[in-house]
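Asks: What follows is query.cif, mmCIF, C-alpha atoms.
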```cif
data_model
#
loop_
_atom_site.label_atom_id
_atom_site.label_comp_id
_atom_site.auth_asym_id
_atom_site.auth_seq_id
_atom_site.Cartn_x
_atom_site.Cartn_y
_atom_site.Cartn_z
CA MET A 19 -19.61 31.44 -15.76
CA GLU A 20 -18.27 29.32 -18.61
CA PRO A 21 -14.52 28.60 -18.67
CA ASP A 22 -12.50 30.27 -21.43
CA PHE A 23 -10.98 27.51 -23.54
CA SER A 24 -9.80 29.87 -26.31
CA LYS A 25 -6.24 29.76 -24.94
CA TYR A 26 -6.12 26.05 -25.78
CA ARG A 27 -6.45 26.45 -29.53
CA LEU A 28 -4.17 24.26 -31.57
CA GLU A 29 -1.04 26.28 -32.19
CA GLY A 30 2.46 25.13 -32.86
CA ASP A 31 4.07 22.29 -34.72
CA ASN A 32 3.26 18.74 -33.64
CA SER A 33 4.86 17.12 -36.69
CA MET A 34 7.51 15.41 -34.50
CA TYR A 35 4.69 13.09 -33.36
CA ARG A 36 3.91 11.84 -36.86
CA LEU A 37 3.52 8.11 -37.09
CA PRO A 38 5.17 6.15 -39.93
CA SER A 39 1.87 6.51 -41.81
CA GLY A 40 2.29 10.31 -41.76
CA LEU A 41 -0.63 10.89 -39.40
CA VAL A 42 -0.43 12.68 -36.08
CA ALA A 43 -2.68 10.42 -34.01
CA PRO A 44 -3.14 8.98 -30.51
CA VAL A 45 -0.80 6.07 -29.75
CA VAL A 46 -2.31 3.17 -27.81
CA THR A 47 -0.26 0.73 -25.76
CA ARG A 48 -2.37 -2.40 -25.39
CA GLY A 49 -2.59 -4.22 -22.08
CA GLY A 50 0.17 -6.82 -21.99
CA ALA A 51 2.32 -4.85 -24.45
CA GLU A 52 3.71 -2.39 -21.91
CA ASP A 53 7.46 -1.83 -21.71
CA ALA A 54 9.07 -3.42 -18.61
CA ASN A 55 12.54 -2.08 -19.48
CA THR A 56 12.37 0.87 -17.09
CA ALA A 57 14.31 2.13 -14.07
CA ASP A 58 13.35 0.75 -10.66
CA SER A 59 14.08 1.13 -6.98
CA GLY A 60 14.84 -2.45 -6.04
CA GLY A 61 11.88 -4.79 -6.21
CA ALA A 62 9.12 -2.52 -7.47
CA VAL A 63 7.78 -3.85 -10.75
CA ARG A 64 7.33 -0.86 -13.08
CA ILE A 65 5.79 -1.13 -16.51
CA SER A 66 5.48 1.78 -18.88
CA GLY A 67 2.31 2.50 -20.82
CA VAL A 68 3.45 5.87 -22.18
CA SER A 69 7.14 6.73 -22.42
CA ILE A 70 9.97 7.67 -24.71
CA GLN A 71 10.92 3.96 -24.89
CA HIS A 72 7.93 2.94 -26.99
CA THR A 73 5.74 5.94 -27.89
CA PRO A 74 6.47 9.34 -29.42
CA ALA A 75 6.25 10.91 -25.91
CA THR A 76 9.36 12.93 -25.08
CA ARG A 77 8.49 14.61 -21.76
CA LEU A 78 6.22 12.15 -19.99
CA TRP A 79 6.41 8.75 -18.30
CA PHE A 80 3.16 7.07 -17.28
CA GLY A 81 3.03 3.57 -15.93
CA LYS A 82 1.89 1.05 -13.38
CA VAL A 83 3.96 0.10 -10.34
CA SER A 84 3.29 -3.12 -8.41
CA ASN A 85 4.70 -3.94 -4.99
CA GLU A 86 4.47 -7.38 -3.40
CA PRO A 87 3.08 -7.76 0.15
CA GLY A 88 5.48 -6.33 2.74
CA TYR A 89 7.69 -4.75 0.06
CA ARG A 90 9.60 -1.54 0.63
CA SER A 91 11.88 0.21 -1.82
CA VAL A 92 15.44 1.24 -1.23
CA SER A 93 15.80 4.93 -0.51
CA HIS A 94 15.79 6.89 -3.75
CA HIS A 95 14.65 10.08 -5.48
CA HIS A 96 13.47 10.92 -8.97
CA GLY A 97 15.93 13.65 -9.91
CA GLU A 98 14.34 16.59 -11.66
CA ALA A 99 11.11 14.66 -12.29
CA GLU A 100 7.83 15.74 -10.76
CA THR A 101 5.94 12.60 -9.79
CA GLY A 102 2.21 12.02 -9.42
CA GLY A 103 0.72 8.79 -8.14
CA TYR A 104 -2.67 7.19 -7.66
CA VAL A 105 -3.28 4.12 -5.47
CA LEU A 106 -5.34 1.65 -7.55
CA SER A 107 -5.38 -1.03 -4.87
CA GLY A 108 -3.74 -1.69 -1.53
CA ARG A 109 -2.27 0.49 1.22
CA ALA A 110 0.91 2.51 0.78
CA ARG A 111 3.35 4.48 2.89
CA ILE A 112 6.02 6.93 1.76
CA TYR A 113 8.81 7.75 4.21
CA PHE A 114 10.61 11.06 3.72
CA GLY A 115 12.53 13.69 5.68
CA GLU A 116 16.16 14.10 6.61
CA LYS A 117 16.43 10.61 8.16
CA PHE A 118 13.16 9.27 6.76
CA GLU A 119 11.54 10.12 10.11
CA ASP A 120 8.26 11.32 8.55
CA TYR A 121 5.70 9.42 6.52
CA VAL A 122 2.33 9.66 4.79
CA ASP A 123 -0.06 6.73 4.43
CA MET A 124 -2.41 6.23 1.49
CA GLU A 125 -5.11 3.81 0.46
CA GLU A 126 -7.08 2.95 -2.64
CA GLY A 127 -8.34 6.13 -4.32
CA ASP A 128 -5.68 8.45 -2.85
CA TRP A 129 -3.44 10.69 -4.98
CA VAL A 130 0.10 11.83 -4.12
CA PHE A 131 2.60 14.36 -5.48
CA VAL A 132 6.31 13.74 -4.82
CA PRO A 133 8.52 16.80 -5.46
CA PRO A 134 11.74 16.56 -7.50
CA PHE A 135 14.95 15.51 -5.70
CA MET A 136 13.06 14.40 -2.55
CA PRO A 137 14.63 11.24 -1.06
CA HIS A 138 11.96 8.77 -0.01
CA VAL A 139 11.11 5.11 0.61
CA GLU A 140 7.92 3.57 -0.85
CA CYS A 141 6.23 0.77 1.10
CA ASN A 142 3.38 -1.69 0.83
CA LEU A 143 1.78 -1.66 4.30
CA SER A 144 0.05 -4.99 3.79
CA ARG A 145 1.77 -8.26 4.62
CA SER A 146 -0.75 -10.22 2.53
CA LYS A 147 -1.98 -8.11 -0.43
CA PRO A 148 -0.16 -6.46 -3.33
CA LEU A 149 -0.05 -2.69 -3.79
CA VAL A 150 -0.70 -1.25 -7.27
CA TRP A 151 -0.06 2.39 -8.20
CA MET A 152 -0.49 4.38 -11.38
CA THR A 153 2.46 6.78 -11.62
CA THR A 154 3.36 9.61 -13.95
CA ARG A 155 6.59 11.56 -14.18
CA THR A 156 7.79 14.42 -16.24
CA PRO A 157 10.16 14.58 -18.00
CA GLU A 158 10.94 10.83 -17.68
CA ASN A 159 11.12 7.88 -15.28
CA ILE A 160 14.24 9.00 -13.44
CA VAL A 161 15.22 6.77 -10.48
CA VAL A 162 18.34 7.58 -8.45
CA ASN A 163 18.92 4.88 -5.83
CA LEU A 164 20.60 6.03 -2.61
CA PRO A 165 22.30 4.17 0.25
CA ASP A 166 19.56 2.17 1.92
CA VAL A 167 18.15 2.74 5.37
CA ALA A 168 17.59 -0.13 7.84
CA ASP A 169 14.04 -1.34 8.57
CA THR A 170 14.60 -0.51 12.24
CA ASP A 171 15.27 3.14 11.31
CA LEU A 172 11.85 3.51 9.65
CA ARG A 173 9.43 4.60 12.37
CA ASP A 174 6.44 2.25 12.77
CA TRP A 175 7.54 0.03 9.83
CA LEU A 176 8.16 -3.16 11.80
CA ASP A 177 5.00 -2.70 13.92
CA ARG A 178 2.58 -2.06 11.05
#
```
Show me this structure written as structure tokens.
Replies:
Amino acid sequence: MEPDFSKYRLEGDNSMYRLPSGLVAPVVTRGGAEDANTADSGGAVRISGVSIQHTPATRLWFGKVSNEPGYRSVSHHHGEAETGGYVLSGRARIYFGEKFEDYVDMEEGDWVFVPPFMPHVECNLSRSKPLVWMTTRTPENIVVNLPDVADTDLRDWLDR
């Protein structure tokens, strides 16, 4: 059975996305021209490829996050933003739960969804290789840093 794509017909007004030339067209951010002026969680290097800061996007943030070997973020959440991530390279861990007692591990090729307002800590499990994620958030790259948690309070972190 063929999918019904009729509900995706172009309807509505997209004129707010007009470029200075008057065209409504795709906007490309070239490699090396990403915007590094974005919120972070202490040490994660985030660069924005698609965001309100440098494209006509108004309800989407899409970027690359790099974490040095052994890095872990401070505890934080992303406010109302729904977050999706994809591990490009490396091994990751996200701590969550009332006292960050739970965690999920990921490796290259894994996808993750982080719900809005969920406090968590992002970690690079490797002590020798960087971790690189592709991350998207809607409506924007909201980062709310929280009081940090000690390494010793993160189960299995020191023994990884």
Asks: What is the CA of Thr47 (chain A) to CA of Phe80 (chain A) distance in Å?
Replies: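 Answer for the CA of Thr47 (chain A) to CA of Phe80 (chain A) separation: 11.1 Å.
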Asks: Using all atoms listed in the file, which of the listed residues (A:Ala99, A:Thr56, A:Pro87, A:Asp22) sits closest to Gln71 (chain A)?
Replies: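 When distances to Gln71 (chain A) are compared using all atoms listed in the file, the smallest one comes from A:Thr56.
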Asks: From the list A:Arg77, A:Lys147, A:Arg173, A:Lys82, which residue is nearest Val63 (chain A) when using only C-alpha atoms?
Replies: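 Distance minimum relative to Val63 (chain A) lands on A:Lys82.
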Asks: List the spatial neighbours of region 103-119 of chain A as a ChimeraX atom specification - criterion: any atom at most 9 Å away, only C-alpha atoms, same-chain residues fewer than 4 positions off excluded.
Replies: /A:90,93,123-132,136-144,147-155,167,171-173
Asks: Within 7 Å of Asn163 (chain A), counting only C-alpha atoms, which residues show up once you throw out same-chain ones fewer than 3 positions away? Write them as an MDAnalysis selection string, please.
Replies: chainID A and resid 59 92:95
Asks: Nearest to Gly97 (chain A): which of A:Glu158, A:Asp120, A:Asp53, A:Asp31 is it, counting all atoms listed in the file?
Replies: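 That would be A:Glu158, the residue with the smallest distance to Gly97 (chain A).
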Asks: Output region 97-113 of chain A as a CSV table (one decimal), in the frame of the given file, making sure N, CA, C and O atoms are there.
Replies:
```
chain,number,residue,atom,x,y,z
A,97,GLY,N,15.2,12.6,-9.2
A,97,GLY,CA,15.9,13.6,-9.9
A,97,GLY,C,15.0,14.8,-10.1
A,97,GLY,O,14.2,15.2,-9.3
A,98,GLU,N,15.1,15.4,-11.3
A,98,GLU,CA,14.3,16.6,-11.7
A,98,GLU,C,12.9,16.3,-11.9
A,98,GLU,O,12.1,17.2,-12.1
A,99,ALA,N,12.5,15.0,-11.9
A,99,ALA,CA,11.1,14.7,-12.3
A,99,ALA,C,10.1,15.0,-11.2
A,99,ALA,O,10.3,14.7,-10.0
A,100,GLU,N,9.0,15.6,-11.6
A,100,GLU,CA,7.8,15.7,-10.8
A,100,GLU,C,7.1,14.4,-10.9
A,100,GLU,O,6.9,13.9,-12.0
A,101,THR,N,6.6,13.9,-9.8
A,101,THR,CA,5.9,12.6,-9.8
A,101,THR,C,4.5,12.7,-9.2
A,101,THR,O,4.3,13.3,-8.2
A,102,GLY,N,3.6,12.1,-9.9
A,102,GLY,CA,2.2,12.0,-9.4
A,102,GLY,C,1.9,10.6,-9.3
A,102,GLY,O,2.2,9.8,-10.2
A,103,GLY,N,1.1,10.2,-8.3
A,103,GLY,CA,0.7,8.8,-8.1
A,103,GLY,C,-0.7,8.7,-7.7
A,103,GLY,O,-1.3,9.6,-7.1
A,104,TYR,N,-1.3,7.5,-8.0
A,104,TYR,CA,-2.7,7.2,-7.7
A,104,TYR,C,-2.7,5.7,-7.2
A,104,TYR,O,-2.2,4.9,-7.9
A,105,VAL,N,-3.2,5.5,-6.0
A,105,VAL,CA,-3.3,4.1,-5.5
A,105,VAL,C,-4.5,3.4,-6.1
A,105,VAL,O,-5.6,3.8,-5.7
A,106,LEU,N,-4.3,2.5,-6.9
A,106,LEU,CA,-5.3,1.6,-7.6
A,106,LEU,C,-5.9,0.6,-6.6
A,106,LEU,O,-7.1,0.4,-6.4
A,107,SER,N,-5.0,0.0,-5.9
A,107,SER,CA,-5.4,-1.0,-4.9
A,107,SER,C,-4.3,-1.2,-3.8
A,107,SER,O,-3.1,-1.1,-4.1
A,108,GLY,N,-4.7,-1.5,-2.6
A,108,GLY,CA,-3.7,-1.7,-1.5
A,108,GLY,C,-3.6,-0.5,-0.6
A,108,GLY,O,-4.3,0.5,-0.7
A,109,ARG,N,-2.6,-0.6,0.3
A,109,ARG,CA,-2.3,0.5,1.2
A,109,ARG,C,-0.8,0.8,1.1
A,109,ARG,O,0.0,-0.1,1.1
A,110,ALA,N,-0.5,2.1,1.0
A,110,ALA,CA,0.9,2.5,0.8
A,110,ALA,C,1.4,3.4,1.9
A,110,ALA,O,0.6,4.1,2.6
A,111,ARG,N,2.7,3.5,2.0
A,111,ARG,CA,3.4,4.5,2.9
A,111,ARG,C,4.6,5.0,2.1
A,111,ARG,O,5.3,4.3,1.5
A,112,ILE,N,4.8,6.3,2.3
A,112,ILE,CA,6.0,6.9,1.8
A,112,ILE,C,6.7,7.6,2.9
A,112,ILE,O,6.2,8.5,3.6
A,113,TYR,N,7.9,7.1,3.2
A,113,TYR,CA,8.8,7.8,4.2
A,113,TYR,C,9.6,8.8,3.5
A,113,TYR,O,10.1,8.7,2.4
```
